[in-house]
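Trainee: What follows is the file work-v3.cif, containing mmCIF, C-alpha atoms and all ligand atoms:
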```cif
data_entry
#
loop_
_atom_site.label_atom_id
_atom_site.label_comp_id
_atom_site.auth_asym_id
_atom_site.auth_seq_id
_atom_site.Cartn_x
_atom_site.Cartn_y
_atom_site.Cartn_z
CA MET A 5 145.51 79.17 151.22
CA ALA A 6 142.70 78.67 148.71
CA VAL A 7 142.97 77.02 145.31
CA ARG A 8 140.26 77.43 142.65
CA VAL A 9 139.97 73.89 141.26
CA VAL A 10 140.06 73.45 137.48
CA ALA A 11 140.13 69.63 137.38
CA SER A 12 139.79 66.94 140.03
CA ALA A 13 139.74 63.15 139.85
CA LEU A 14 137.86 60.27 141.39
CA ASN A 15 139.40 57.55 143.51
CA HIS A 16 137.93 54.45 145.13
CA LEU A 17 137.83 56.44 148.35
CA ASP A 18 134.98 58.44 146.77
CA LEU A 19 132.92 55.26 146.47
CA TRP A 20 133.71 54.15 150.01
CA LEU A 21 132.81 57.58 151.41
CA ALA A 22 129.53 57.59 149.47
CA GLU A 23 128.75 54.27 151.19
CA GLY A 24 129.74 55.60 154.64
CA GLN A 25 132.94 53.51 154.85
CA PRO A 26 134.72 55.36 156.35
CA ARG A 27 131.98 57.55 157.76
CA PRO A 28 132.92 61.24 157.54
CA LYS A 29 133.62 62.88 160.93
CA ALA A 30 130.97 65.48 160.12
CA LEU A 31 128.50 66.25 157.37
CA PRO A 32 128.45 67.92 154.93
CA MET A 33 131.67 66.47 153.53
CA VAL A 34 133.38 67.36 150.26
CA PRO A 35 135.27 64.36 148.78
CA GLY A 36 138.08 64.52 146.26
CA CYS A 37 141.70 63.39 146.82
CA ASP A 38 143.12 64.81 143.60
CA GLY A 39 142.96 68.26 142.12
CA ALA A 40 144.77 70.97 140.19
CA GLY A 41 143.89 74.62 139.80
CA VAL A 42 144.86 78.24 140.29
CA VAL A 43 145.90 79.87 143.58
CA ALA A 44 142.98 82.15 144.52
CA ALA A 45 143.96 83.50 147.95
CA LEU A 46 146.97 83.33 150.28
CA GLY A 47 146.77 82.56 153.96
CA GLU A 48 148.88 84.14 156.67
CA GLY A 49 152.59 83.39 156.35
CA VAL A 50 152.44 81.95 152.84
CA THR A 51 155.68 82.74 151.00
CA MET A 52 155.99 80.15 148.23
CA TRP A 53 153.01 81.09 146.05
CA GLN A 54 151.22 84.03 144.46
CA PRO A 55 147.59 84.39 143.37
CA GLY A 56 147.28 83.11 139.81
CA ASP A 57 149.95 80.39 140.16
CA GLU A 58 148.91 77.12 138.51
CA VAL A 59 149.34 74.27 140.96
CA VAL A 60 148.76 70.59 141.70
CA ILE A 61 147.66 69.47 145.15
CA ASN A 62 149.48 66.72 147.08
CA PRO A 63 146.63 65.10 149.02
CA SER A 64 148.83 64.11 152.01
CA PHE A 65 148.53 66.08 155.23
CA ALA A 66 151.17 65.89 157.99
CA CYS A 67 152.40 68.20 160.74
CA GLY A 68 155.73 69.01 159.05
CA ARG A 69 157.49 69.44 162.42
CA CYS A 70 157.73 66.05 164.16
CA PRO A 71 160.81 63.77 163.90
CA GLU A 72 159.01 61.56 161.34
CA CYS A 73 158.17 64.53 159.10
CA LEU A 74 161.65 66.01 159.43
CA SER A 75 163.27 62.72 158.34
CA ASP A 76 161.15 62.23 155.20
CA ARG A 77 158.92 59.69 156.93
CA SER A 78 155.78 61.83 156.93
CA VAL A 79 153.60 58.77 156.23
CA HIS A 80 154.27 57.86 159.89
CA CYS A 81 153.33 61.31 161.28
CA ALA A 82 150.74 61.10 164.07
CA LYS A 83 148.82 63.87 162.28
CA TRP A 84 148.88 62.02 158.93
CA GLY A 85 145.72 62.45 156.92
CA ILE A 86 144.37 62.70 153.44
CA MET A 87 142.48 65.40 151.62
CA GLY A 88 139.05 64.11 150.66
CA GLU A 89 138.82 61.82 153.69
CA HIS A 90 140.06 63.62 156.80
CA TYR A 91 139.72 67.09 155.28
CA TRP A 92 137.38 68.60 152.71
CA GLY A 93 138.58 67.63 149.26
CA ALA A 94 138.87 68.92 145.74
CA HIS A 95 135.42 68.18 144.26
CA GLY A 96 134.38 71.78 144.98
CA ASP A 97 134.96 75.26 143.58
CA LEU A 98 137.63 76.13 146.14
CA VAL A 99 139.80 73.93 148.36
CA LEU A 100 141.91 75.01 151.34
CA VAL A 101 145.42 73.51 151.63
CA GLY A 102 148.79 74.32 153.18
CA GLU A 103 151.48 75.75 150.93
CA ALA A 104 153.67 72.66 151.35
CA ASN A 105 150.88 70.65 149.73
CA LEU A 106 151.32 72.33 146.35
CA VAL A 107 153.67 71.76 143.46
CA ALA A 108 153.74 73.83 140.27
CA ARG A 109 151.61 72.42 137.47
CA PRO A 110 154.09 70.45 135.33
CA VAL A 111 154.91 72.10 132.02
CA GLY A 112 153.11 70.47 129.11
CA SER A 113 150.50 68.72 131.21
CA SER A 114 146.79 69.20 130.57
CA TRP A 115 144.57 70.24 133.46
CA GLU A 116 142.98 66.79 133.34
CA GLU A 117 146.38 65.09 133.71
CA ALA A 118 147.58 67.51 136.38
CA GLY A 119 144.37 67.06 138.37
CA SER A 120 144.41 63.29 138.34
CA TYR A 121 147.92 61.87 138.82
CA GLY A 122 148.47 62.76 142.49
CA LEU A 123 147.15 60.05 144.76
CA CYS A 124 147.62 57.06 142.46
CA GLY A 125 150.97 58.25 141.12
CA LEU A 126 152.27 58.80 144.63
CA THR A 127 150.99 55.43 145.83
CA ALA A 128 152.45 53.56 142.85
CA TYR A 129 155.79 55.40 143.05
CA ARG A 130 156.30 54.59 146.73
CA MET A 131 155.33 50.97 146.09
CA LEU A 132 157.95 50.59 143.36
CA ARG A 133 160.56 52.43 145.41
CA ARG A 134 159.92 50.28 148.49
CA ALA A 135 160.05 47.15 146.30
CA ARG A 136 163.44 48.40 144.99
CA LEU A 137 162.46 48.08 141.35
CA ALA A 138 165.58 48.57 139.20
CA ALA A 139 166.15 49.04 135.48
CA GLY A 140 166.09 45.74 133.62
CA GLN A 141 164.08 43.94 136.29
CA ALA A 142 160.70 42.33 135.57
CA LEU A 143 157.66 44.08 137.05
CA LEU A 144 154.28 42.33 136.97
CA VAL A 145 151.27 44.62 137.45
CA VAL A 146 148.32 42.46 138.48
CA GLY A 147 144.85 43.61 137.43
CA VAL A 148 145.84 46.56 135.29
CA GLY A 149 143.27 49.30 134.59
CA GLY A 150 142.78 51.02 137.95
CA GLY A 151 144.51 54.27 138.84
CA VAL A 152 147.37 52.77 140.87
CA SER A 153 148.02 49.88 138.49
CA SER A 154 148.06 52.03 135.37
CA ALA A 155 150.35 54.55 137.12
CA ALA A 156 152.65 51.66 138.12
CA LEU A 157 152.79 50.47 134.53
CA LEU A 158 153.84 53.92 133.26
CA LEU A 159 156.32 54.46 136.12
CA GLY A 160 157.82 50.99 135.57
CA VAL A 161 158.43 51.80 131.90
CA VAL A 162 160.01 55.17 132.78
CA MET A 163 162.22 53.44 135.38
CA GLY A 164 163.54 51.07 132.72
CA ALA A 165 161.89 47.90 133.99
CA ARG A 166 160.52 45.13 131.79
CA VAL A 167 156.82 45.55 132.54
CA PHE A 168 154.14 42.86 132.27
CA ALA A 169 150.46 43.16 133.17
CA THR A 170 147.41 41.01 133.78
CA SER A 171 143.71 41.62 133.19
CA ARG A 172 140.65 39.53 132.52
CA ASP A 173 139.59 42.14 129.93
CA PRO A 174 141.21 41.77 126.47
CA LEU A 175 140.76 45.50 125.76
CA LYS A 176 142.67 46.39 128.93
CA ARG A 177 145.41 43.94 127.98
CA ALA A 178 145.73 45.59 124.57
CA ARG A 179 145.82 49.05 126.18
CA ALA A 180 148.53 47.91 128.61
CA VAL A 181 150.72 46.84 125.69
CA GLU A 182 150.07 50.18 123.93
CA LEU A 183 151.28 51.93 127.08
CA GLY A 184 154.55 50.02 127.14
CA ALA A 185 153.93 46.59 128.71
CA LEU A 186 155.94 43.89 126.93
CA GLU A 187 153.08 41.43 127.31
CA ALA A 188 149.72 41.24 129.07
CA PHE A 189 148.30 37.98 130.38
CA GLY A 190 144.70 36.87 130.90
CA SER A 191 143.46 36.20 134.41
CA ALA A 192 141.79 32.85 133.75
CA GLY A 193 143.10 29.82 135.66
CA ASP A 194 144.74 29.62 139.06
CA GLY A 195 148.41 28.79 138.42
CA ALA A 196 151.30 31.20 138.32
CA PHE A 197 151.21 33.87 135.65
CA PRO A 198 153.61 32.99 132.79
CA ILE A 199 156.41 35.21 134.08
CA LYS A 200 158.75 35.12 137.07
CA ALA A 201 158.89 38.70 138.28
CA ASP A 202 161.36 40.57 140.48
CA VAL A 203 158.47 42.74 141.65
CA VAL A 204 154.76 41.88 141.64
CA LEU A 205 152.43 44.83 142.33
CA ASP A 206 148.94 43.86 143.47
CA SER A 207 146.10 45.81 145.04
CA ALA A 208 143.32 43.19 144.92
CA GLY A 209 144.41 41.17 147.97
CA ALA A 210 142.84 37.75 148.50
CA PRO A 211 141.60 36.88 144.96
CA THR A 212 145.04 37.17 143.36
CA TRP A 213 147.29 36.46 146.36
CA GLU A 214 148.10 32.85 145.43
CA ARG A 215 148.89 33.61 141.82
CA SER A 216 150.86 36.73 142.67
CA THR A 217 153.09 34.94 145.19
CA ARG A 218 153.66 32.06 142.75
CA SER A 219 154.78 34.53 140.11
CA LEU A 220 157.72 35.80 142.19
CA ARG A 221 161.20 34.72 141.24
CA PRO A 222 163.65 33.81 144.02
CA GLY A 223 164.45 37.05 145.85
CA GLY A 224 161.28 38.64 144.45
CA ARG A 225 159.15 41.24 146.23
CA LEU A 226 155.34 41.35 146.35
CA VAL A 227 154.12 44.84 147.13
CA LEU A 228 150.53 45.56 148.12
CA CYS A 229 148.53 48.73 148.64
CA GLY A 230 145.01 47.43 148.96
CA ALA A 231 142.68 44.55 149.56
CA THR A 232 139.69 45.49 147.46
CA GLY A 233 138.83 41.83 146.81
CA GLY A 234 139.36 40.44 150.33
CA ALA A 235 141.61 41.08 153.31
CA LYS A 236 142.64 37.63 154.64
CA VAL A 237 145.21 35.42 152.93
CA GLN A 238 147.28 32.33 153.70
CA LEU A 239 151.03 32.66 153.64
CA ASP A 240 153.22 29.65 152.82
CA LEU A 241 156.15 30.45 155.09
CA PRO A 242 158.70 27.89 153.79
CA LYS A 243 158.11 29.14 150.26
CA LEU A 244 158.73 32.65 151.52
CA PHE A 245 161.95 31.99 153.40
CA PHE A 246 163.45 29.38 151.07
CA GLY A 247 162.67 31.72 148.19
CA GLN A 248 164.23 34.70 150.04
CA GLN A 249 161.10 36.62 149.13
CA GLU A 250 159.45 39.67 150.66
CA VAL A 251 155.89 40.87 151.13
CA ILE A 252 155.73 44.66 151.44
CA GLY A 253 152.78 46.80 152.51
CA SER A 254 152.65 50.39 151.33
CA THR A 255 150.25 53.30 151.29
CA MET A 256 150.50 56.76 149.76
CA GLY A 257 153.93 58.40 150.06
CA THR A 258 156.06 61.21 151.43
CA PHE A 259 156.36 64.82 150.27
CA ARG A 260 159.78 64.12 148.73
CA GLU A 261 158.36 61.15 146.84
CA PHE A 262 155.53 63.34 145.51
CA ALA A 263 158.05 65.83 144.12
CA GLU A 264 160.27 63.08 142.67
CA MET A 265 157.33 61.32 141.02
CA THR A 266 156.03 64.60 139.56
CA GLY A 267 159.38 65.30 137.92
CA LEU A 268 160.22 61.77 136.79
CA ALA A 269 161.39 61.91 133.18
CA GLY A 270 159.00 64.81 132.53
CA ARG A 271 156.13 62.38 132.14
CA LEU A 272 153.18 62.26 134.50
CA PRO A 273 152.17 58.73 135.46
CA VAL A 274 148.55 59.06 134.46
CA VAL A 275 146.14 57.75 131.86
CA VAL A 276 142.88 59.71 131.64
CA ASP A 277 139.93 57.43 130.90
CA GLN A 278 137.01 59.87 130.74
CA VAL A 279 136.22 63.48 131.65
CA PHE A 280 132.89 64.51 133.22
CA ASP A 281 131.61 67.95 134.22
CA LEU A 282 131.59 68.49 137.99
CA GLY A 283 127.77 68.44 137.92
CA GLU A 284 127.87 64.91 136.51
CA TYR A 285 129.52 63.53 139.65
CA PRO A 286 126.92 60.75 140.13
CA ALA A 287 127.52 59.48 136.58
CA ALA A 288 131.29 59.62 137.18
CA LEU A 289 130.86 57.59 140.40
CA ALA A 290 128.75 55.04 138.50
CA LYS A 291 131.51 54.67 135.90
CA LEU A 292 134.06 54.11 138.67
CA ARG A 293 131.80 51.54 140.31
CA SER A 294 131.46 49.66 137.01
CA GLY A 295 135.24 49.02 136.94
CA SER A 296 135.28 49.36 133.15
CA GLN A 297 137.74 52.28 133.10
CA PHE A 298 141.41 52.21 132.18
CA GLY A 299 143.02 55.03 134.14
CA LYS A 300 141.48 58.03 135.82
CA ILE A 301 137.96 59.43 135.78
CA VAL A 302 138.27 63.21 135.86
CA LEU A 303 135.90 66.05 136.76
CA ARG A 304 136.22 69.34 134.92
CA HIS A 305 135.15 72.34 137.02
CA GLY A 306 133.48 75.50 135.70
ZN ZN A 401 154.64 65.09 161.55
#
```
Would you put the structure from the file into structure tokens?
Mentor:
Amino acid sequence: MAVRVVASALNHLDLWLAEGQPRPKALPMVPGCDGAGVVAALGEGVTMWQPGDEVVINPSFACGRCPECLSDRSVHCAKWGIMGEHYWGAHGDLVLVGEANLVARPVGSSWEEAGSYGLCGLTAYRMLRRARLAAGQALLVVGVGGGVSSAALLLGVVMGARVFATSRDPLKRARAVELGALEAFGSAGDGAFPIKADVVLDSAGAPTWERSTRSLRPGGRLVLCGATGGAKVQLDLPKLFFGQQEVIGSTMGTFREFAEMTGLAGRLPVVVDQVFDLGEYPAALAKLRSGSQFGKIVLRHG
């Protein structure tokens, strides 16, 4: 079925694709992992939607029929893929998706919010779920400001955790506190951050690995979804096993998790940093590359 996109959002995958990493299977290629819009046309067999319905796109693709998909483990489906990388994405006028990839636009959300929470909200939600974050526990979000980290901050607050954040940028630290963090720490130095956390959420990889692991309390869980700053780290095994700690890798999420995250406390886990017109895509990419944003960079279509 076809969705006429009203708003879409940038992700780091847009930058990597623009640099040919990963190289698209064929050119031309339309990027864009996040989008929301209006159903424009139905495909054969579509029963869940009507033209004119306002929808949000889940960027995950899976077969929907294999044992992994049927047991809510679609992230392990052999056909697993992502809109905007393996399939044409949402930075266009129309995007083609399966009906299972849509949820109704949440009531009260702006188009910019609806079109930008998907990928990062899903990634952050699965990370916190896999790390078994519970109400009252301490969550440390390392390097707050990106899409996943700001979504994790908002989700952590909604889930009743005591949320802390780190950033080298004092403006980002102040924003994190405005959004519900109890405290935000600077990134200078190389010791542990001044908190012992039940869950540390980190997507930088090597640069913050040492400090993140040192900031875990006994029984704590470090959950990672990326390695933007470097992929190889050293693991101090005795510290890990004597501390009864866990290191958890996670990426994206399942269809059930997308629905749960969308409906969580009626609040979308998204902070919109700036809105560009679709025609200003190069300027939006440059803003993303600068790393100065707090939250999502959104494209408004038409
Ligand atoms: Zn499958």
Trainee: Set the distance at 10 Å and use all atoms listed in the file: which residues neighbour Thr266 of chain A once local chain neighbours fewer than 2 positions away are removed? I'd like the list as a list in words.
Mentor: Val60, Val107, Ala108, Arg109, Pro110, Ala118, Tyr121, Gly122, Gly125, Leu126, Tyr129, Arg260, Glu261, Phe262, Ala263, Glu264, Leu268, Ala269, Gly270, Arg271, Leu272 and Pro273 of chain A
Trainee: Give me, as a ChimeraX atom specification, all polymer residues having an atom no more than 6 Å from Cys229 of chain A, counting only C-alpha atoms and skipping those fewer than 3 positions away in the same chain.
Mentor: /A:207,254-255
Trainee: Enclose all atoms of segment 137-156 of chain A listed in the file in an axis-aligned box, grow every side by 6 Å, and hand back centre and edge lengths in Å to one decimal, as lines of an AutoDock Vina configuration file.
Mentor:
```
center_x = 154.5
center_y = 48.4
center_z = 137.5
size_x = 35.4
size_y = 24.2
size_z = 19.7
```
Trainee: Around (142.3, 39.4, 152.6) in the file's own coordinates, what residues are found within 10 Å if you use only C-alpha atoms, given back as a ChimeraX atom specification?
Mentor: /A:208-213,230-238
Trainee: Write out as a ChimeraX atom specification each polymer residue whose atoms come within 12 Å of Met163 of chain A, counting only C-alpha atoms; drop sequence neighbours fewer than 4 positions from it.
Mentor: /A:129,132-133,136-143,156-159,167,184,265,268-269,271,273
Trainee: Would you write out those residues with C-alpha atoms, as a tab-separated table (two decimals), in the frame of the given file?
Mentor:
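Listed below is the output, out_9.tsv:
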```tsv
chain	number	residue	atom	x	y	z
A	129	TYR	CA	155.79	55.40	143.05
A	132	LEU	CA	157.95	50.59	143.36
A	133	ARG	CA	160.56	52.43	145.41
A	136	ARG	CA	163.44	48.40	144.99
A	137	LEU	CA	162.46	48.08	141.35
A	138	ALA	CA	165.58	48.57	139.20
A	139	ALA	CA	166.15	49.04	135.48
A	140	GLY	CA	166.09	45.74	133.62
A	141	GLN	CA	164.08	43.94	136.29
A	142	ALA	CA	160.70	42.33	135.57
A	143	LEU	CA	157.66	44.08	137.05
A	156	ALA	CA	152.65	51.66	138.12
A	157	LEU	CA	152.79	50.47	134.53
A	158	LEU	CA	153.84	53.92	133.26
A	159	LEU	CA	156.32	54.46	136.12
A	167	VAL	CA	156.82	45.55	132.54
A	184	GLY	CA	154.55	50.02	127.14
A	265	MET	CA	157.33	61.32	141.02
A	268	LEU	CA	160.22	61.77	136.79
A	269	ALA	CA	161.39	61.91	133.18
A	271	ARG	CA	156.13	62.38	132.14
A	273	PRO	CA	152.17	58.73	135.46
```
Trainee: Can you list, as a list of chain:residue names, every protein, DNA or RNA residue that comes within 7 Å of Leu186 of chain A when you count all atoms listed in the file, leaving out same-chain residues fewer than 3 positions away?
Mentor: A:Arg166, A:Val167, A:Phe168, A:Val181
Trainee: Excluding Glu117 of chain A and any residue of its chain fewer than 6 positions from it, enumerate the residues within 12 Å of it, using all atoms listed in the file, and give them as a PyMOL selection string.
Mentor: chain A and resi 10-13+38-41+60+109-111+124-125+155+266+271-279+299-304
Trainee: Mind listing the residues within 10 Å of ligand ZN 401 (chain A), all atoms listed in the file counted, as JSON, numbers by chain?
Mentor: {"A": [65, 66, 67, 68, 69, 70, 71, 72, 73, 74, 75, 76, 77, 78, 79, 80, 81, 82, 83, 84]}
Trainee: By how many Å are atom CA of Val145 of chain A and atom CA of Pro222 of chain A apart?
Mentor: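 If I compute the distance from atom CA of Val145 of chain A to atom CA of Pro222 of chain A, I get 17.7 Å.
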Trainee: Go through A:Met52, A:Met33, A:Ala180, A:Leu17 and flag the residue nearest Tyr91 of chain A, using all atoms listed in the file for the distances.
Mentor: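 Using all atoms listed in the file, Tyr91 of chain A sits closest to A:Met33.
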Trainee: Return the single residue from A:Arg177, A:Arg27, A:Arg134, A:Arg8 that is closest to Gly56 of chain A, with distances computed using all atoms listed in the file.
Mentor: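 Under the stated criterion, the closest residue is A:Arg8.
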Trainee: Between A:Asp18, A:Asp173, A:Glu250, A:Asp206, which has the minimum distance to His95 of chain A (counting all atoms listed in the file)?
Mentor: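 Of A:Asp18, A:Asp173, A:Glu250, A:Asp206, the one nearest His95 of chain A is A:Asp18, counting all atoms listed in the file.
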Trainee: At what distance in Å, to one decimal, does atom CA of Gly164 of chain A lie from atom CA of Arg218 of chain A?
Mentor: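 Separation of atom CA of Arg218 of chain A and atom CA of Gly164 of chain A: 23.7 Å.
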Trainee: Work out how far atom CA of Ala169 of chain A is from atom CA of Ala188 of chain A, in Å to one decimal.
Mentor: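 Separation between atom CA of Ala188 of chain A and atom CA of Ala169 of chain A: 4.6 Å.
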Trainee: Looking at A:Leu175, A:Leu282, A:Leu21, A:Leu220, which one is nearest to Asp202 of chain A, with distances taken over all atoms listed in the file?
Mentor: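 For Asp202 of chain A, the nearest of the given residues is A:Leu220.
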Trainee: Taking all atoms listed in the file into account, name the residue in A:Pro242, A:Gly93, A:Pro174, A:Gly224 that is nearest to Pro35 of chain A.
Mentor: A:Gly93
Trainee: Counting all atoms listed in the file, which of A:Thr51, A:Ser294, A:Ser113, A:Ser219 gets nearest to Met5 of chain A?
Mentor: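 When distances to Met5 of chain A are compared using all atoms listed in the file, the smallest one comes from A:Thr51.
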